[in-house]
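Content type compact mmCIF, N, CA and C atoms, from the file input.txt:
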```
# COMPACT_ATOMS: atom_id res chain seq x y z
N MET A 1 -3.80 172.47 85.27
CA MET A 1 -4.05 171.06 85.28
C MET A 1 -3.06 170.38 86.23
N GLU A 2 -3.58 169.53 87.11
CA GLU A 2 -2.74 168.85 88.07
C GLU A 2 -2.00 167.68 87.43
N PRO A 3 -0.75 167.47 87.84
CA PRO A 3 -0.03 166.32 87.29
C PRO A 3 -0.65 165.02 87.77
N ILE A 4 -0.55 164.01 86.93
CA ILE A 4 -1.09 162.70 87.27
C ILE A 4 -0.08 161.98 88.15
N ALA A 5 -0.57 161.43 89.24
CA ALA A 5 0.31 160.69 90.15
C ALA A 5 0.78 159.41 89.48
N PRO A 6 2.04 159.04 89.68
CA PRO A 6 2.52 157.80 89.07
C PRO A 6 1.79 156.60 89.62
N VAL A 7 1.58 155.61 88.77
CA VAL A 7 0.92 154.39 89.19
C VAL A 7 1.97 153.48 89.79
N ARG A 8 1.67 152.97 90.96
CA ARG A 8 2.60 152.07 91.63
C ARG A 8 2.52 150.71 90.96
N ALA A 9 3.67 150.10 90.71
CA ALA A 9 3.72 148.80 90.06
C ALA A 9 3.10 147.72 90.92
N GLU A 10 3.27 147.82 92.23
CA GLU A 10 2.74 146.81 93.11
C GLU A 10 1.89 147.48 94.18
N ASP A 11 0.82 146.81 94.53
CA ASP A 11 -0.06 147.28 95.59
C ASP A 11 0.59 146.96 96.93
N PRO A 12 0.83 147.95 97.79
CA PRO A 12 1.48 147.67 99.07
C PRO A 12 0.64 146.75 99.97
N GLN A 13 -0.65 146.65 99.70
CA GLN A 13 -1.52 145.78 100.48
C GLN A 13 -1.35 144.31 100.09
N THR A 14 -0.83 144.04 98.89
CA THR A 14 -0.69 142.68 98.40
C THR A 14 0.53 142.02 99.02
N PRO A 15 0.37 140.85 99.62
CA PRO A 15 1.52 140.17 100.21
C PRO A 15 2.44 139.62 99.13
N GLU A 16 3.71 139.45 99.48
CA GLU A 16 4.67 138.87 98.55
C GLU A 16 4.30 137.40 98.34
N ILE A 17 4.25 136.99 97.10
CA ILE A 17 3.90 135.62 96.75
C ILE A 17 5.14 134.92 96.22
N ASP A 18 5.44 133.75 96.76
CA ASP A 18 6.54 132.95 96.27
C ASP A 18 6.08 132.27 94.98
N ALA A 19 6.73 132.59 93.85
CA ALA A 19 6.31 132.07 92.55
C ALA A 19 6.39 130.55 92.50
N ALA A 20 7.42 129.97 93.08
CA ALA A 20 7.55 128.51 93.07
C ALA A 20 6.41 127.85 93.85
N ALA A 21 6.05 128.43 94.99
CA ALA A 21 4.94 127.88 95.78
C ALA A 21 3.62 128.04 95.04
N LEU A 22 3.46 129.16 94.35
CA LEU A 22 2.25 129.38 93.56
C LEU A 22 2.15 128.38 92.42
N GLU A 23 3.26 128.16 91.71
CA GLU A 23 3.28 127.16 90.64
C GLU A 23 2.89 125.80 91.18
N ALA A 24 3.49 125.40 92.30
CA ALA A 24 3.21 124.10 92.89
C ALA A 24 1.74 123.97 93.28
N ALA A 25 1.18 125.04 93.84
CA ALA A 25 -0.23 125.02 94.25
C ALA A 25 -1.15 124.90 93.04
N ILE A 26 -0.82 125.62 91.97
CA ILE A 26 -1.63 125.56 90.75
C ILE A 26 -1.56 124.17 90.14
N LEU A 27 -0.35 123.62 90.04
CA LEU A 27 -0.19 122.28 89.46
C LEU A 27 -0.92 121.23 90.29
N ALA A 28 -0.85 121.35 91.62
CA ALA A 28 -1.55 120.40 92.48
C ALA A 28 -3.06 120.50 92.31
N ARG A 29 -3.56 121.74 92.22
CA ARG A 29 -5.01 121.95 92.04
C ARG A 29 -5.48 121.36 90.70
N LEU A 30 -4.71 121.60 89.64
CA LEU A 30 -5.07 121.06 88.34
C LEU A 30 -5.06 119.53 88.37
N ASP A 31 -4.07 118.96 89.04
CA ASP A 31 -3.98 117.50 89.15
C ASP A 31 -5.17 116.96 89.94
N ASP A 32 -5.51 117.61 91.05
CA ASP A 32 -6.65 117.19 91.87
C ASP A 32 -7.95 117.26 91.09
N ASP A 33 -8.06 118.25 90.21
CA ASP A 33 -9.29 118.44 89.43
C ASP A 33 -9.29 117.65 88.12
N LYS A 34 -8.32 116.76 87.96
CA LYS A 34 -8.25 115.87 86.80
C LYS A 34 -8.05 116.58 85.47
N ALA A 35 -7.28 117.68 85.49
CA ALA A 35 -6.92 118.35 84.24
C ALA A 35 -6.04 117.38 83.44
N GLN A 36 -6.08 117.51 82.12
CA GLN A 36 -5.34 116.61 81.26
C GLN A 36 -4.15 117.32 80.63
N GLU A 37 -3.10 116.56 80.35
CA GLU A 37 -1.91 117.05 79.64
C GLU A 37 -1.40 118.38 80.22
N ILE A 38 -1.08 118.37 81.49
CA ILE A 38 -0.58 119.57 82.16
C ILE A 38 0.89 119.77 81.76
N VAL A 39 1.20 120.96 81.26
CA VAL A 39 2.55 121.29 80.81
C VAL A 39 2.98 122.59 81.47
N LEU A 40 4.18 122.61 82.04
CA LEU A 40 4.75 123.81 82.62
C LEU A 40 5.86 124.29 81.68
N ILE A 41 5.78 125.54 81.25
CA ILE A 41 6.77 126.12 80.36
C ILE A 41 7.50 127.24 81.10
N ASP A 42 8.81 127.10 81.22
CA ASP A 42 9.63 128.09 81.90
C ASP A 42 9.89 129.25 80.93
N LEU A 43 9.44 130.44 81.28
CA LEU A 43 9.61 131.62 80.42
C LEU A 43 10.73 132.54 80.87
N LYS A 44 11.42 132.17 81.95
CA LYS A 44 12.50 133.02 82.44
C LYS A 44 13.55 133.18 81.34
N GLY A 45 13.87 134.43 81.01
CA GLY A 45 14.84 134.72 79.97
C GLY A 45 14.27 134.67 78.56
N LYS A 46 13.03 134.23 78.40
CA LYS A 46 12.39 134.18 77.08
C LYS A 46 11.41 135.33 76.88
N SER A 47 10.77 135.74 77.98
CA SER A 47 9.74 136.77 77.88
C SER A 47 9.66 137.55 79.19
N PRO A 48 9.50 138.86 79.10
CA PRO A 48 9.35 139.66 80.32
C PRO A 48 7.93 139.62 80.90
N MET A 49 6.97 139.03 80.18
CA MET A 49 5.59 139.08 80.64
C MET A 49 5.30 138.17 81.83
N ALA A 50 6.05 137.07 81.98
CA ALA A 50 5.83 136.15 83.09
C ALA A 50 7.05 135.24 83.22
N ASP A 51 7.12 134.56 84.35
CA ASP A 51 8.20 133.60 84.57
C ASP A 51 7.80 132.20 84.16
N THR A 52 6.50 131.89 84.25
CA THR A 52 6.03 130.54 83.99
C THR A 52 4.69 130.58 83.27
N MET A 53 4.53 129.63 82.35
CA MET A 53 3.24 129.44 81.69
C MET A 53 2.83 127.99 81.95
N ILE A 54 1.59 127.81 82.38
CA ILE A 54 1.06 126.47 82.60
C ILE A 54 -0.08 126.27 81.62
N VAL A 55 -0.03 125.16 80.89
CA VAL A 55 -1.05 124.84 79.90
C VAL A 55 -1.68 123.51 80.30
N ALA A 56 -3.01 123.46 80.27
CA ALA A 56 -3.72 122.22 80.62
C ALA A 56 -5.02 122.15 79.83
N SER A 57 -5.56 120.96 79.75
CA SER A 57 -6.82 120.75 79.05
C SER A 57 -7.87 120.22 80.00
N GLY A 58 -9.12 120.58 79.68
CA GLY A 58 -10.28 120.01 80.35
C GLY A 58 -11.03 119.17 79.34
N ARG A 59 -11.85 118.26 79.81
CA ARG A 59 -12.55 117.34 78.90
C ARG A 59 -13.69 118.01 78.13
N SER A 60 -14.24 119.09 78.68
CA SER A 60 -15.40 119.75 78.08
C SER A 60 -15.40 121.21 78.51
N GLN A 61 -16.34 121.98 77.97
CA GLN A 61 -16.46 123.37 78.38
C GLN A 61 -16.76 123.46 79.88
N ARG A 62 -17.61 122.59 80.36
CA ARG A 62 -17.96 122.59 81.79
C ARG A 62 -16.73 122.28 82.65
N HIS A 63 -15.91 121.33 82.21
CA HIS A 63 -14.71 120.98 82.97
C HIS A 63 -13.70 122.13 82.95
N VAL A 64 -13.52 122.77 81.79
CA VAL A 64 -12.62 123.92 81.70
C VAL A 64 -13.10 125.04 82.63
N GLY A 65 -14.40 125.28 82.64
CA GLY A 65 -14.97 126.31 83.52
C GLY A 65 -14.75 125.99 84.99
N ALA A 66 -14.91 124.72 85.36
CA ALA A 66 -14.68 124.31 86.75
C ALA A 66 -13.21 124.45 87.13
N LEU A 67 -12.31 124.05 86.22
CA LEU A 67 -10.87 124.21 86.47
C LEU A 67 -10.54 125.67 86.72
N ALA A 68 -11.07 126.55 85.87
CA ALA A 68 -10.81 127.99 86.00
C ALA A 68 -11.36 128.51 87.32
N ASP A 69 -12.57 128.13 87.66
CA ASP A 69 -13.18 128.58 88.91
C ASP A 69 -12.36 128.16 90.12
N HIS A 70 -11.90 126.93 90.13
CA HIS A 70 -11.10 126.43 91.26
C HIS A 70 -9.75 127.14 91.34
N LEU A 71 -9.15 127.43 90.18
CA LEU A 71 -7.87 128.16 90.19
C LEU A 71 -8.06 129.59 90.68
N LEU A 72 -9.14 130.23 90.28
CA LEU A 72 -9.40 131.59 90.74
C LEU A 72 -9.60 131.63 92.25
N ARG A 73 -10.26 130.62 92.80
CA ARG A 73 -10.42 130.54 94.26
C ARG A 73 -9.06 130.33 94.93
N LEU A 74 -8.23 129.49 94.34
CA LEU A 74 -6.89 129.24 94.88
C LEU A 74 -6.06 130.52 94.87
N LEU A 75 -6.12 131.25 93.76
CA LEU A 75 -5.37 132.50 93.65
C LEU A 75 -5.85 133.51 94.68
N LYS A 76 -7.15 133.56 94.90
CA LYS A 76 -7.69 134.48 95.91
C LYS A 76 -7.17 134.11 97.30
N GLU A 77 -7.08 132.81 97.58
CA GLU A 77 -6.53 132.36 98.86
C GLU A 77 -5.06 132.77 99.03
N HIS A 78 -4.35 132.88 97.91
CA HIS A 78 -2.94 133.27 97.93
C HIS A 78 -2.76 134.80 97.81
N GLY A 79 -3.85 135.54 97.92
CA GLY A 79 -3.76 136.99 97.89
C GLY A 79 -3.75 137.58 96.49
N LEU A 80 -4.12 136.79 95.50
CA LEU A 80 -4.15 137.27 94.11
C LEU A 80 -5.59 137.30 93.60
N GLY A 81 -6.47 137.88 94.37
CA GLY A 81 -7.88 137.92 94.02
C GLY A 81 -8.20 138.74 92.80
N LYS A 82 -7.25 139.58 92.36
CA LYS A 82 -7.51 140.43 91.20
C LYS A 82 -6.80 139.90 89.95
N ALA A 83 -6.61 138.59 89.88
CA ALA A 83 -6.00 137.99 88.69
C ALA A 83 -6.90 138.26 87.48
N LYS A 84 -6.29 138.55 86.36
CA LYS A 84 -7.05 138.84 85.14
C LYS A 84 -7.48 137.53 84.48
N VAL A 85 -8.72 137.50 83.99
CA VAL A 85 -9.26 136.30 83.38
C VAL A 85 -9.90 136.66 82.05
N GLU A 86 -9.66 135.84 81.05
CA GLU A 86 -10.28 136.00 79.73
C GLU A 86 -10.86 134.67 79.30
N GLY A 87 -12.01 134.69 78.62
CA GLY A 87 -12.57 133.50 78.01
C GLY A 87 -13.54 132.70 78.85
N LEU A 88 -13.91 133.22 80.03
CA LEU A 88 -14.80 132.43 80.89
C LEU A 88 -16.20 132.19 80.33
N PRO A 89 -16.82 133.10 79.64
CA PRO A 89 -18.18 132.80 79.20
C PRO A 89 -18.29 131.56 78.32
N HIS A 90 -17.31 131.36 77.42
CA HIS A 90 -17.40 130.24 76.47
C HIS A 90 -16.65 129.00 76.94
N CYS A 91 -15.59 129.20 77.70
CA CYS A 91 -14.78 128.11 78.27
C CYS A 91 -14.18 127.18 77.22
N ASP A 92 -13.86 127.72 76.04
CA ASP A 92 -13.09 126.96 75.06
C ASP A 92 -11.60 127.13 75.37
N TRP A 93 -11.23 128.37 75.69
CA TRP A 93 -9.85 128.72 76.05
C TRP A 93 -9.95 129.79 77.13
N VAL A 94 -9.54 129.46 78.33
CA VAL A 94 -9.56 130.41 79.43
C VAL A 94 -8.12 130.74 79.78
N LEU A 95 -7.82 132.04 79.83
CA LEU A 95 -6.50 132.51 80.21
C LEU A 95 -6.61 133.18 81.57
N ILE A 96 -5.74 132.78 82.49
CA ILE A 96 -5.68 133.39 83.82
C ILE A 96 -4.29 133.97 83.99
N ASP A 97 -4.23 135.28 84.17
CA ASP A 97 -2.96 135.98 84.35
C ASP A 97 -2.79 136.30 85.83
N ALA A 98 -1.90 135.54 86.48
CA ALA A 98 -1.64 135.73 87.91
C ALA A 98 -0.30 136.41 88.13
N GLY A 99 0.10 137.26 87.20
CA GLY A 99 1.37 137.97 87.34
C GLY A 99 2.53 137.15 86.79
N ASP A 100 3.30 136.55 87.68
CA ASP A 100 4.45 135.76 87.26
C ASP A 100 4.07 134.41 86.67
N VAL A 101 2.83 134.00 86.86
CA VAL A 101 2.35 132.71 86.34
C VAL A 101 1.12 132.97 85.48
N ILE A 102 1.17 132.46 84.25
CA ILE A 102 0.04 132.56 83.33
C ILE A 102 -0.48 131.15 83.09
N VAL A 103 -1.79 130.97 83.19
CA VAL A 103 -2.39 129.66 83.00
C VAL A 103 -3.33 129.70 81.80
N HIS A 104 -3.16 128.73 80.90
CA HIS A 104 -4.05 128.55 79.76
C HIS A 104 -4.80 127.24 79.95
N LEU A 105 -6.12 127.31 79.93
CA LEU A 105 -6.96 126.12 80.04
C LEU A 105 -7.75 125.97 78.75
N PHE A 106 -7.67 124.81 78.13
CA PHE A 106 -8.27 124.58 76.82
C PHE A 106 -9.20 123.37 76.81
N ARG A 107 -10.14 123.40 75.88
CA ARG A 107 -10.78 122.16 75.45
C ARG A 107 -9.77 121.50 74.51
N PRO A 108 -9.71 120.17 74.45
CA PRO A 108 -8.67 119.50 73.66
C PRO A 108 -8.59 119.94 72.19
N GLU A 109 -9.73 120.12 71.53
CA GLU A 109 -9.72 120.51 70.11
C GLU A 109 -9.12 121.91 69.93
N VAL A 110 -9.44 122.80 70.83
CA VAL A 110 -8.95 124.18 70.75
C VAL A 110 -7.45 124.21 71.04
N ARG A 111 -7.01 123.41 71.98
CA ARG A 111 -5.58 123.35 72.30
C ARG A 111 -4.78 122.83 71.11
N THR A 112 -5.30 121.81 70.44
CA THR A 112 -4.63 121.27 69.27
C THR A 112 -4.56 122.31 68.16
N PHE A 113 -5.64 123.06 67.97
CA PHE A 113 -5.68 124.07 66.92
C PHE A 113 -4.64 125.16 67.14
N TYR A 114 -4.57 125.72 68.35
CA TYR A 114 -3.66 126.84 68.62
C TYR A 114 -2.23 126.40 68.91
N ASN A 115 -2.05 125.23 69.51
CA ASN A 115 -0.74 124.64 69.74
C ASN A 115 0.27 125.63 70.32
N ILE A 116 -0.11 126.29 71.41
CA ILE A 116 0.78 127.32 71.96
C ILE A 116 2.06 126.76 72.56
N GLU A 117 2.07 125.49 72.92
CA GLU A 117 3.31 124.91 73.42
C GLU A 117 4.41 124.99 72.37
N LYS A 118 4.05 124.81 71.12
CA LYS A 118 5.04 124.87 70.04
C LYS A 118 5.58 126.29 69.88
N ILE A 119 4.74 127.29 70.06
CA ILE A 119 5.18 128.68 69.95
C ILE A 119 6.27 128.98 70.96
N TRP A 120 6.14 128.44 72.17
CA TRP A 120 7.07 128.75 73.25
C TRP A 120 8.20 127.74 73.39
N SER A 121 8.24 126.73 72.51
CA SER A 121 9.31 125.74 72.64
C SER A 121 10.64 126.37 72.23
N VAL A 122 11.70 125.93 72.86
CA VAL A 122 13.02 126.49 72.64
C VAL A 122 13.53 126.19 71.25
N ASP A 123 13.17 125.04 70.69
CA ASP A 123 13.72 124.63 69.41
C ASP A 123 12.90 125.09 68.20
N SER A 124 11.97 126.03 68.39
CA SER A 124 11.22 126.56 67.27
C SER A 124 12.16 127.21 66.26
N ALA A 125 11.86 127.07 64.98
CA ALA A 125 12.73 127.58 63.92
C ALA A 125 12.97 129.08 64.04
N HIS A 126 11.93 129.85 64.41
CA HIS A 126 12.11 131.30 64.50
C HIS A 126 12.98 131.71 65.67
N ARG A 127 13.22 130.82 66.63
CA ARG A 127 14.07 131.13 67.77
C ARG A 127 15.53 130.73 67.52
N THR A 128 15.76 129.79 66.64
CA THR A 128 17.12 129.30 66.45
C THR A 128 17.87 130.03 65.34
N GLN A 129 17.14 130.71 64.47
CA GLN A 129 17.82 131.44 63.41
C GLN A 129 18.43 132.71 63.98
N SER A 130 19.62 133.03 63.51
CA SER A 130 20.28 134.25 63.99
C SER A 130 19.71 135.46 63.25
N ALA A 131 19.68 136.58 63.93
CA ALA A 131 19.08 137.79 63.35
C ALA A 131 20.06 138.53 62.48
```
Could you render the structure as structure tokens?
Amino acid sequence: MEPIAPVRAEDPQTPEIDAAALEAAILARLDDDKAQEIVLIDLKGKSPMADTMIVASGRSQRHVGALADHLLRLLKEHGLGKAKVEGLPHCDWVLIDAGDVIVHLFRPEVRTFYNIEKIWSVDSAHRTQSA
């Protein structure tokens, strides 16, 4: 049996993306598309999964779907055409994983129900108690 070749963490064909420029482009696109309650959460030092989480709301399922579509086009323009996407068929909660930046797009009722901003807030009770 032949050994399995190690999987490379990064595709050499993918250009280096400046995370700050990507964040700014995503925030600008969401603002242009009239997303509501845009929140940027800095995850540096809190989680190894990403550096930044952006949370925003759309007015309806159609608006959330349009926001997601426009962000996916933006990511493709920045060389991140293979960003992972979840939740597109229903458009209640769409998650876009662009590597160092994760974007959550919600309908307002769904965002209120899950309240993920509270989970990642620094002053959450489970984060301030010593182990």
Return as AutoDock Vina command-line options the centre and edge lengths, in Å with one decimal, of the box along x, y and z that encloses every atom of segment 84-98 of chain A in the file, padded by 8 Å per side.
```
--center_x -9.3 --center_y 132.9 --center_z 81.6 --size_x 34.0 --size_y 27.9 --size_z 29.1
```
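Computed from the coordinates, the atom CA of Thr112 of chain A to atom CA of Lys44 of chain A distance equals 24.6 Å.
Considering the residues A:Val110, A:Ala68, A:Leu75, A:Val101 and counting all atoms listed in the file, Leu88 of chain A has its shortest atom-to-atom contact with A:Ala68.
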One decimal place gives the atom CA of Ser57 of chain A-atom CA of Glu37 of chain A separation as 6.2 Å
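Residue nearest Asp33 of chain A, chosen from A:Ile102, A:Ala56, A:Leu67, A:Ala21 and counting only C-alpha atoms: A:Leu67.
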